[in-house]
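Here is the structure we will look at, set down as structure tokens.
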2 protein chains.
Amino acid sequence: MHMLAIATPGASPTTRRLRTASKHNQFLEPRQAVSADPLAEMMTVESGCLALSHYLPDGRRQISDIVGPGRIFSIGADCRAESLTYSSVAPADVSQDAYSSQGRMLLARMQAHALLLGRKTAAERVATAVLDLARQFAPAERASRQTRPTFILYPTRADLADWLGLTIETISRTLNSFKRMGLIGFDRPERITILNQIALERTAGGHTA
Amino acid sequence: MHMLAIATPGASPTTRRLRTASKHNQFLEPRQAVSADPLAEMMTVESGCLALSHYLPDGRRQISDIVGPGRIFSIGADCRAESLTYSSVAPADVSQDAYSSQGRMLLARMQAHALLLGRKTAAERVATAVLDLARQFAPAERASRQTRPTFILYPTRADLADWLGLTIETISRTLNSFKRMGLIGFDRPERITILNQIALERTAGGHTA
DNA sequence: CGCCTACTTGAAGGGCATCAAGCGAAGTGG
DNA sequence: CCACTTCGCTTGATGCCCTTCAAGTAGGCG
């Protein structure tokens, strides 16, 4: 179901530009899986974007989280971590503080996502997702709030569908409806600008977190 | 939205029968919320059954987990732990081993539940839930597998609906359809017997975990 | 230039929600 | 003790949100 781009790790000109780090780092091409490091229970995203996905035997996929720079994740059994763009990951040095706070955050995110999957409508789900991705991937220019927050939407429509428990078509329809309503803007499908954050948050149905 | 039974903690004849423990224990009547213990980040269920729930501003509820004896849970912000029967909970003494393994289990459960909410059909969800509750609440009589596993279904149809992202009516219809198909049996709504575990697991759609 | 992949858009259908009614057990008050 | 209420559950009829199916468009890369 997935056409994985063949990658020669660390060989492309693009990956070489990524931030250097210890010898256990992994540099990933788009659509490349993170290979589990038996020494590191948890890993951290240094740059790029990952999707944590889970599969049913018949191929149905559920993405449990989209992870951006600075965040920590773990790949246990039945969990595949896949890059959505050029990315680099490293074993997380788990000081207990970070472990506890990041673990708590991970759990809270999962609970919020369960609420989304179980009880929110399609529009609410997409609005929540857009705000979440903006928070993770929009450059932090809190000084100049003048400019509308803009960010690269690393997940494809298919990724969003598998994250939000919807279909590709519903994702596309909802995003374009948001565009027509002036909530967001995009010329290319992957470059999103938030035009009306208030209305988006209202549409997200509270608990945007 | 919730009619909570007024309880004088530890006063009823029934709660007094529960297993005694340290002074920080909480004894709960049915439908009573666990009050957050600021000293204890995580708590453990000694007996009974709890539901961890999350609410949208308009009242929609999502139960992220149903927790039985021996399991550990945490009540952070936006999370309410409610007893589904007479229960007792205690602060978890968090040896790092237990914390790590229980935390990992909690995360894995949440991911499996996200897969259920996002990608499984109603029948698959109910079958998965029945098997999960049987594993948690059926008396461990692995020696005598002769007898069909039977257990008390502490969550009501409404609880199950809010756990599985469905409605009361769909839960009822699906359970009765399982009964007609000979997968499960019940005379009273809350006393479930598993009659065909193999077929249930097949219906659950793999990854029963 | 042709193929492929991602995205978009319309039309039709289905799975589950909603609405509605009824049943039975437990609790309450007269 | 028995009407009366309440609550959880069941069952049927109808509706709708999202899926499914089906084209069609645009950008990227050989």
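Within each chain, counting starts at residue 1; across the structure tokens, chains are named A, B, ... in the order shown, with ligands numbered 1 upward in that order.
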For chain A against chain D, with a cut-off of 12 Å and counting only C-alpha atoms (C1' of nucleotides), what is the closest atom pair and its distance in Å to one decimal for every residue that makes the cut, ordered by chain and number, as CSV?
residue,atom,partner,partner_atom,distance
A:Thr121,CA,D:DC17,C1',8.8
A:Ala122,CA,D:DC18,C1',8.3
A:Ala123,CA,D:DC17,C1',11.1
A:Gly165,CA,D:DC18,C1',10.9
A:Leu166,CA,D:DC18,C1',8.1
A:Thr167,CA,D:DT19,C1',7.4
A:Ile168,CA,D:DT19,C1',10.1
A:Glu169,CA,D:DT19,C1',8.8
A:Thr170,CA,D:DC18,C1',7.4
A:Ile171,CA,D:DC18,C1',10.8
A:Arg173,CA,D:DC18,C1',11.1
A:Thr174,CA,D:DC18,C1',11.4
A:Arg188,CA,D:DG27,C1',9.9
A:Pro189,CA,D:DG27,C1',10.9
Taking only range 89-206 of chain B into account, list the residues labelled alpha helix (DSSP H) by DSSP (computed from the backbone), as a PyMOL selection string.
chain B and resi 96-119+122-137+157-164+168-180+197-204
Env of Gly68 in chain B: 9 Å cut, atoms = only C-alpha atoms (C1' of nucleotides), seq-sep filter 3 positions within chain, self excluded. Answer as a PyMOL selection string.
chain B and resi 45-50+71-72+133+136-137
Figure out the distance between CA of Ile75 in chain B and CA of Ser100 in chain B, please, to one decimal in Å.
16.9 Å
Interface rows for chain C against chain A: nearest pair, Å to one decimal, 10 Å, only C-alpha atoms (C1' of nucleotides), as CSV:
residue,atom,partner,partner_atom,distance
C:DA6,C1',A:Thr156,CA,8.0
C:DC7,C1',A:Ser172,CA,7.5
C:DT8,C1',A:Ser172,CA,7.1
C:DT9,C1',A:Arg173,CA,8.3
Contact check, chain B to chain A, at most 6 Å, counting only C-alpha atoms, closest pairs as a Markdown table:
| residue | atom | partner | partner_atom | distance |
| --- | --- | --- | --- | --- |
| B:Gln62 | CA | A:Leu115 | CA | 5.2 |
| B:Ala114 | CA | A:Ala114 | CA | 5.8 |
| B:Leu115 | CA | A:Gln62 | CA | 5.3 |
| B:Leu117 | CA | A:Leu117 | CA | 5.7 |
| B:Gly118 | CA | A:Gly165 | CA | 4.1 |
| B:Gly165 | CA | A:Gly118 | CA | 4.1 |
Would you output that residue set with N, CA and C atoms, as a PDB file, in the first residue's frame?
ATOM      1  N   GLN B  62     -16.049  11.524  25.717  1.00  0.00           N
ATOM      2  CA  GLN B  62     -15.259  10.405  25.195  1.00  0.00           C
ATOM      3  C   GLN B  62     -14.567   9.738  26.366  1.00  0.00           C
ATOM      4  N   ALA B 114      -7.074   4.337  19.442  1.00  0.00           N
ATOM      5  CA  ALA B 114      -7.167   5.277  18.328  1.00  0.00           C
ATOM      6  C   ALA B 114      -7.426   4.526  17.023  1.00  0.00           C
ATOM      7  N   LEU B 115      -6.757   3.398  16.871  1.00  0.00           N
ATOM      8  CA  LEU B 115      -6.990   2.568  15.682  1.00  0.00           C
ATOM      9  C   LEU B 115      -8.439   2.110  15.640  1.00  0.00           C
ATOM     10  N   LEU B 117     -11.057   3.616  17.090  1.00  0.00           N
ATOM     11  CA  LEU B 117     -11.972   4.749  16.865  1.00  0.00           C
ATOM     12  C   LEU B 117     -11.882   5.269  15.433  1.00  0.00           C
ATOM     13  N   GLY B 118     -10.679   5.229  14.882  1.00  0.00           N
ATOM     14  CA  GLY B 118     -10.512   5.838  13.568  1.00  0.00           C
ATOM     15  C   GLY B 118     -10.851   4.923  12.421  1.00  0.00           C
ATOM     16  N   GLY B 165     -17.080   5.425  20.666  1.00  0.00           N
ATOM     17  CA  GLY B 165     -17.436   6.409  19.648  1.00  0.00           C
ATOM     18  C   GLY B 165     -18.691   6.042  18.883  1.00  0.00           C
TER      19      GLY B 165
END
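Neighbours of Ser83 in chain A closer than or equal to 8 Å, with only C-alpha atoms (C1' of nucleotides) counted and sequence neighbours fewer than 2 positions away skipped, come out as Leu28, Glu29, Pro30, Arg31, Gln32, Ala33, Val34, Gly48, Cys49, Leu50, Ala51, Ala81, Thr85, Tyr86 and Ser87 of chain A.
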Return as a PyMOL selection string the full set of residues in chain B whose backbone-based DSSP assignment is strand (DSSP E or B).
chain B and resi 26-28+33+42-47+50-55+61-67+72-74+80-83+87-91+150-152+184-185+191-194
Point-to-point distance from CA of Phe186 in chain A to CA of Val89 in chain A, Å rounded to tenths
29.1 Å
